[in-house]
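Coordinates as given in upload-v8.txt (compact mmCIF, N, CA and C atoms):
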# COMPACT_ATOMS: atom_id res chain seq x y z
N MET P 1 8.82 -61.34 144.51
CA MET P 1 8.34 -61.72 145.81
C MET P 1 8.43 -60.52 146.74
N SER P 2 7.37 -60.25 147.48
CA SER P 2 7.39 -59.10 148.38
C SER P 2 8.28 -59.39 149.59
N ARG P 3 8.77 -58.33 150.19
CA ARG P 3 9.63 -58.49 151.36
C ARG P 3 8.79 -58.84 152.57
N TYR P 4 9.35 -59.69 153.39
CA TYR P 4 8.69 -60.15 154.60
C TYR P 4 9.27 -59.41 155.80
N ASN P 5 8.40 -58.90 156.64
CA ASN P 5 8.84 -58.23 157.86
C ASN P 5 8.55 -59.14 159.04
N GLU P 6 9.59 -59.79 159.56
CA GLU P 6 9.40 -60.77 160.63
C GLU P 6 8.86 -60.16 161.92
N LYS P 7 8.96 -58.84 162.06
CA LYS P 7 8.49 -58.20 163.29
C LYS P 7 6.96 -58.11 163.34
N ARG P 8 6.32 -58.32 162.21
CA ARG P 8 4.86 -58.24 162.18
C ARG P 8 4.20 -59.49 162.76
N ILE P 9 4.92 -60.60 162.76
CA ILE P 9 4.39 -61.84 163.32
C ILE P 9 5.30 -62.25 164.46
N PRO P 10 4.75 -62.39 165.68
CA PRO P 10 5.59 -62.76 166.83
C PRO P 10 6.32 -64.09 166.58
N TYR P 11 7.51 -64.21 167.16
CA TYR P 11 8.35 -65.39 166.95
C TYR P 11 7.61 -66.68 167.31
N LYS P 12 6.85 -66.65 168.38
CA LYS P 12 6.13 -67.85 168.83
C LYS P 12 5.16 -68.34 167.75
N ILE P 13 4.50 -67.42 167.10
CA ILE P 13 3.57 -67.77 166.02
C ILE P 13 4.35 -68.22 164.79
N GLN P 14 5.46 -67.55 164.50
CA GLN P 14 6.31 -67.98 163.38
C GLN P 14 6.74 -69.43 163.56
N ASP P 15 7.16 -69.77 164.78
CA ASP P 15 7.61 -71.13 165.08
C ASP P 15 6.47 -72.13 164.91
N LYS P 16 5.29 -71.77 165.35
CA LYS P 16 4.12 -72.65 165.20
C LYS P 16 3.80 -72.86 163.72
N LEU P 17 3.84 -71.79 162.94
CA LEU P 17 3.58 -71.89 161.50
C LEU P 17 4.63 -72.75 160.81
N MET P 18 5.89 -72.63 161.23
CA MET P 18 6.96 -73.44 160.66
C MET P 18 6.71 -74.92 160.94
N LEU P 19 6.31 -75.23 162.15
CA LEU P 19 6.01 -76.63 162.50
C LEU P 19 4.84 -77.16 161.67
N GLN P 20 3.83 -76.34 161.45
CA GLN P 20 2.70 -76.75 160.61
C GLN P 20 3.16 -77.00 159.18
N PHE P 21 4.01 -76.12 158.67
CA PHE P 21 4.54 -76.27 157.32
C PHE P 21 5.35 -77.58 157.20
N CYS P 22 6.20 -77.85 158.18
CA CYS P 22 7.00 -79.08 158.19
C CYS P 22 6.10 -80.31 158.26
N ASP P 23 5.04 -80.21 159.03
CA ASP P 23 4.08 -81.32 159.12
C ASP P 23 3.45 -81.59 157.76
N LEU P 24 3.09 -80.53 157.06
CA LEU P 24 2.52 -80.70 155.71
C LEU P 24 3.53 -81.37 154.77
N LEU P 25 4.77 -80.92 154.81
CA LEU P 25 5.81 -81.52 153.96
C LEU P 25 5.97 -83.00 154.26
N SER P 26 5.94 -83.35 155.54
CA SER P 26 6.15 -84.75 155.91
C SER P 26 4.99 -85.65 155.47
N LYS P 27 3.85 -85.06 155.17
CA LYS P 27 2.69 -85.84 154.74
C LYS P 27 2.66 -86.09 153.23
N LEU P 28 3.54 -85.41 152.50
CA LEU P 28 3.62 -85.68 151.07
C LEU P 28 4.18 -87.10 150.89
N LYS P 29 3.62 -87.83 149.92
CA LYS P 29 3.86 -89.27 149.84
C LYS P 29 5.16 -89.69 149.18
N ASN P 30 5.68 -88.89 148.26
CA ASN P 30 6.88 -89.33 147.54
C ASN P 30 7.64 -88.12 146.99
N LYS P 31 8.78 -88.40 146.38
CA LYS P 31 9.63 -87.33 145.85
C LYS P 31 8.91 -86.49 144.80
N ASN P 32 8.09 -87.14 143.99
CA ASN P 32 7.39 -86.41 142.93
C ASN P 32 6.39 -85.41 143.51
N GLU P 33 5.67 -85.81 144.56
CA GLU P 33 4.74 -84.87 145.21
C GLU P 33 5.49 -83.70 145.83
N ILE P 34 6.63 -83.99 146.45
CA ILE P 34 7.45 -82.93 147.05
C ILE P 34 7.96 -81.99 145.96
N LYS P 35 8.47 -82.57 144.87
CA LYS P 35 8.98 -81.75 143.75
C LYS P 35 7.88 -80.85 143.20
N ASN P 36 6.69 -81.40 142.96
CA ASN P 36 5.59 -80.61 142.41
C ASN P 36 5.17 -79.49 143.35
N PHE P 37 5.13 -79.80 144.64
CA PHE P 37 4.77 -78.78 145.63
C PHE P 37 5.81 -77.65 145.62
N LEU P 38 7.09 -78.02 145.65
CA LEU P 38 8.14 -77.00 145.67
C LEU P 38 8.16 -76.17 144.39
N LYS P 39 7.83 -76.81 143.26
CA LYS P 39 7.77 -76.05 142.00
C LYS P 39 6.58 -75.09 141.99
N ASP P 40 5.49 -75.46 142.66
CA ASP P 40 4.36 -74.55 142.78
C ASP P 40 4.64 -73.43 143.78
N LEU P 41 5.34 -73.77 144.84
CA LEU P 41 5.59 -72.82 145.92
C LEU P 41 6.68 -71.80 145.59
N LEU P 42 7.76 -72.28 144.97
CA LEU P 42 8.94 -71.44 144.74
C LEU P 42 9.18 -71.25 143.24
N ASN P 43 9.65 -70.08 142.87
CA ASN P 43 10.03 -69.90 141.46
C ASN P 43 11.40 -70.53 141.25
N ARG P 44 11.84 -70.60 140.01
CA ARG P 44 13.11 -71.26 139.67
C ARG P 44 14.28 -70.65 140.43
N GLN P 45 14.32 -69.34 140.51
CA GLN P 45 15.43 -68.67 141.20
C GLN P 45 15.45 -69.03 142.69
N GLU P 46 14.30 -69.05 143.33
CA GLU P 46 14.23 -69.41 144.75
C GLU P 46 14.68 -70.85 144.98
N ARG P 47 14.24 -71.75 144.09
CA ARG P 47 14.65 -73.16 144.21
C ARG P 47 16.16 -73.29 144.06
N MET P 48 16.73 -72.58 143.09
CA MET P 48 18.17 -72.66 142.86
C MET P 48 18.96 -72.02 144.00
N MET P 49 18.42 -71.00 144.63
CA MET P 49 19.09 -70.40 145.78
C MET P 49 19.20 -71.41 146.93
N ILE P 50 18.15 -72.17 147.16
CA ILE P 50 18.16 -73.18 148.21
C ILE P 50 19.15 -74.29 147.86
N ILE P 51 19.09 -74.76 146.62
CA ILE P 51 20.00 -75.82 146.17
C ILE P 51 21.45 -75.35 146.27
N ARG P 52 21.71 -74.11 145.88
CA ARG P 52 23.07 -73.59 145.92
C ARG P 52 23.59 -73.51 147.36
N ARG P 53 22.73 -73.14 148.29
CA ARG P 53 23.14 -73.11 149.70
C ARG P 53 23.55 -74.50 150.18
N LEU P 54 22.79 -75.50 149.76
CA LEU P 54 23.14 -76.87 150.13
C LEU P 54 24.49 -77.27 149.53
N LEU P 55 24.72 -76.88 148.27
CA LEU P 55 26.01 -77.18 147.63
C LEU P 55 27.16 -76.45 148.32
N ILE P 56 26.92 -75.21 148.73
CA ILE P 56 27.94 -74.45 149.45
C ILE P 56 28.27 -75.16 150.75
N ALA P 57 27.25 -75.58 151.49
CA ALA P 57 27.48 -76.28 152.76
C ALA P 57 28.29 -77.55 152.54
N GLU P 58 27.95 -78.29 151.51
CA GLU P 58 28.67 -79.53 151.20
C GLU P 58 30.13 -79.24 150.86
N MET P 59 30.36 -78.21 150.07
CA MET P 59 31.73 -77.86 149.70
C MET P 59 32.53 -77.37 150.91
N LEU P 60 31.88 -76.62 151.80
CA LEU P 60 32.56 -76.17 153.02
C LEU P 60 32.93 -77.37 153.88
N LYS P 61 32.04 -78.34 153.98
CA LYS P 61 32.31 -79.54 154.76
C LYS P 61 33.44 -80.35 154.13
N ASP P 62 33.62 -80.23 152.82
CA ASP P 62 34.72 -80.90 152.11
C ASP P 62 35.99 -80.04 152.11
N ASN P 63 35.99 -79.00 152.96
CA ASN P 63 37.16 -78.11 153.13
C ASN P 63 37.56 -77.36 151.88
N LYS P 64 36.59 -77.03 151.03
CA LYS P 64 36.88 -76.19 149.87
C LYS P 64 37.01 -74.75 150.35
N SER P 65 37.85 -73.98 149.68
CA SER P 65 38.06 -72.58 150.05
C SER P 65 36.92 -71.72 149.49
N TYR P 66 36.80 -70.53 150.03
CA TYR P 66 35.80 -69.58 149.53
C TYR P 66 36.03 -69.32 148.04
N VAL P 67 37.29 -69.20 147.64
CA VAL P 67 37.62 -68.93 146.24
C VAL P 67 37.14 -70.07 145.36
N GLU P 68 37.40 -71.30 145.78
CA GLU P 68 36.96 -72.47 145.00
C GLU P 68 35.43 -72.50 144.88
N ILE P 69 34.75 -72.20 145.98
CA ILE P 69 33.29 -72.22 145.99
C ILE P 69 32.74 -71.11 145.09
N ARG P 70 33.32 -69.91 145.21
CA ARG P 70 32.88 -68.78 144.37
C ARG P 70 33.02 -69.10 142.89
N LYS P 71 34.15 -69.69 142.52
CA LYS P 71 34.37 -70.03 141.11
C LYS P 71 33.41 -71.10 140.64
N ALA P 72 33.19 -72.13 141.45
CA ALA P 72 32.35 -73.25 141.05
C ALA P 72 30.87 -72.88 140.98
N LEU P 73 30.41 -72.08 141.94
CA LEU P 73 28.96 -71.82 142.06
C LEU P 73 28.55 -70.41 141.70
N LYS P 74 29.52 -69.55 141.37
CA LYS P 74 29.21 -68.16 140.99
C LYS P 74 28.37 -67.46 142.06
N CYS P 75 28.86 -67.51 143.29
CA CYS P 75 28.15 -66.86 144.39
C CYS P 75 29.10 -65.92 145.11
N GLY P 76 28.54 -65.06 145.93
CA GLY P 76 29.34 -64.09 146.66
C GLY P 76 29.86 -64.64 147.97
N THR P 77 30.88 -63.97 148.48
CA THR P 77 31.46 -64.40 149.75
C THR P 77 30.48 -64.23 150.91
N ALA P 78 29.57 -63.26 150.80
CA ALA P 78 28.58 -63.05 151.87
C ALA P 78 27.67 -64.27 151.99
N THR P 79 27.28 -64.86 150.86
CA THR P 79 26.44 -66.05 150.87
C THR P 79 27.20 -67.22 151.48
N ILE P 80 28.45 -67.37 151.09
CA ILE P 80 29.26 -68.46 151.63
C ILE P 80 29.43 -68.29 153.13
N ALA P 81 29.71 -67.06 153.56
CA ALA P 81 29.89 -66.78 154.98
C ALA P 81 28.62 -67.07 155.77
N ARG P 82 27.48 -66.73 155.20
CA ARG P 82 26.20 -66.99 155.86
C ARG P 82 26.00 -68.49 156.05
N VAL P 83 26.27 -69.26 155.02
CA VAL P 83 26.14 -70.72 155.12
C VAL P 83 27.14 -71.26 156.14
N GLN P 84 28.35 -70.72 156.12
CA GLN P 84 29.37 -71.14 157.10
C GLN P 84 28.88 -70.88 158.52
N ARG P 85 28.26 -69.74 158.74
CA ARG P 85 27.73 -69.39 160.06
C ARG P 85 26.65 -70.39 160.47
N TRP P 86 25.75 -70.75 159.53
CA TRP P 86 24.70 -71.72 159.83
C TRP P 86 25.29 -73.08 160.13
N LEU P 87 26.36 -73.45 159.42
CA LEU P 87 27.02 -74.72 159.70
C LEU P 87 27.62 -74.72 161.11
N ASN P 88 28.22 -73.62 161.50
CA ASN P 88 28.89 -73.53 162.79
C ASN P 88 27.94 -73.32 163.96
N PHE P 89 26.90 -72.52 163.75
CA PHE P 89 26.06 -72.12 164.88
C PHE P 89 24.58 -72.45 164.70
N GLY P 90 24.24 -73.17 163.64
CA GLY P 90 22.84 -73.51 163.37
C GLY P 90 22.36 -74.67 164.21
N ARG P 91 21.31 -75.28 163.76
CA ARG P 91 20.66 -76.37 164.50
C ARG P 91 21.01 -77.75 163.95
N GLY P 92 22.00 -77.82 163.07
CA GLY P 92 22.44 -79.11 162.56
C GLY P 92 21.71 -79.60 161.32
N GLY P 93 20.86 -78.77 160.75
CA GLY P 93 20.10 -79.17 159.58
C GLY P 93 20.96 -79.46 158.36
N TYR P 94 21.92 -78.58 158.10
CA TYR P 94 22.81 -78.81 156.96
C TYR P 94 23.61 -80.10 157.16
N GLU P 95 24.13 -80.29 158.37
CA GLU P 95 24.92 -81.49 158.67
C GLU P 95 24.10 -82.75 158.40
N LYS P 96 22.85 -82.75 158.84
CA LYS P 96 21.98 -83.91 158.68
C LYS P 96 21.75 -84.20 157.19
N VAL P 97 21.45 -83.18 156.43
CA VAL P 97 21.17 -83.35 155.00
C VAL P 97 22.43 -83.83 154.25
N ILE P 98 23.58 -83.29 154.61
CA ILE P 98 24.82 -83.70 153.97
C ILE P 98 25.11 -85.16 154.26
N LYS P 99 24.89 -85.60 155.50
CA LYS P 99 25.10 -87.01 155.86
C LYS P 99 24.17 -87.91 155.07
N ILE P 100 22.91 -87.51 154.96
CA ILE P 100 21.93 -88.30 154.19
C ILE P 100 22.37 -88.40 152.73
N LYS P 101 22.79 -87.27 152.17
CA LYS P 101 23.20 -87.25 150.77
C LYS P 101 24.43 -88.14 150.53
N LYS P 102 25.38 -88.11 151.44
CA LYS P 102 26.61 -88.89 151.28
C LYS P 102 26.37 -90.40 151.43
N LYS P 103 25.30 -90.77 152.15
CA LYS P 103 24.98 -92.19 152.31
C LYS P 103 24.51 -92.82 151.01
N LYS P 104 23.94 -92.00 150.12
CA LYS P 104 23.38 -92.53 148.87
C LYS P 104 24.43 -92.92 147.90
Give the structure from the file, written as structure tokens.
Amino acid sequence: MSRYNEKRIPYKIQDKLMLQFCDLLSKLKNKNEIKNFLKDLLNRQERMMIIRRLLIAEMLKDNKSYVEIRKALKCGTATIARVQRWLNFGRGGYEKVIKIKKKK
């Protein structure tokens, strides 16, 4: 995958494109359509990176240590720290997804 330079597209346009992308996702009818779209959009490694971030967030919310998370998920402390930062200072997306997952 080529590197993306966020400075080439103004933030306002990036935000508009993100909203359009989210609108498209919300129009998919079921889990199978979402799965097929994500498999077409992302390669296996990209999909697993996203899934692993969600698992890291869940483990952090369960008060697991960085060492425990590193051993369980084979990831670096920088990745864990990044997810921790998003949990603490993000927009609440991880929190929302974790709550939804725990309800099931």
Worksheet item: Between atom C of Leu54 of chain P and atom N of Tyr94 of chain P, what is the spacing in Å?
Response: 9.0 Å
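Atom CA of Tyr66 of chain P to atom N of Ala81 of chain P spans 7.7 Å [interatomic distance, one decimal].
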Item to complete: Tell me, as a PyMOL selection string, which residues lie within 12 Å of segment 33-40 of chain P, counting only C-alpha atoms; anything in the same chain fewer than 5 positions away does not count.
Response: chain P and resi 21-22+24-28+45-48+50-51
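One distance worth recording is that between atom N of Leu87 of chain P and atom C of Asn30 of chain P, which is 26.8 Å.
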Practice prompt. Return the single residue from P:Ile80, P:Leu41, P:Leu19, P:Ile100 that is closest to Ile56 of chain P, with distances computed using all atoms listed in the file.
Written response: P:Ile80
Taking all atoms of segment 30-48 of chain P that the file lists, what box with edges along x, y and z, padded by 6 Å per side, do you get, with centre and edge lengths in Å to one decimal, as JSON?
{"center_x": 11.7, "center_y": -79.0, "center_z": 144.0, "size_x": 26.6, "size_y": 32.7, "size_z": 20.6}
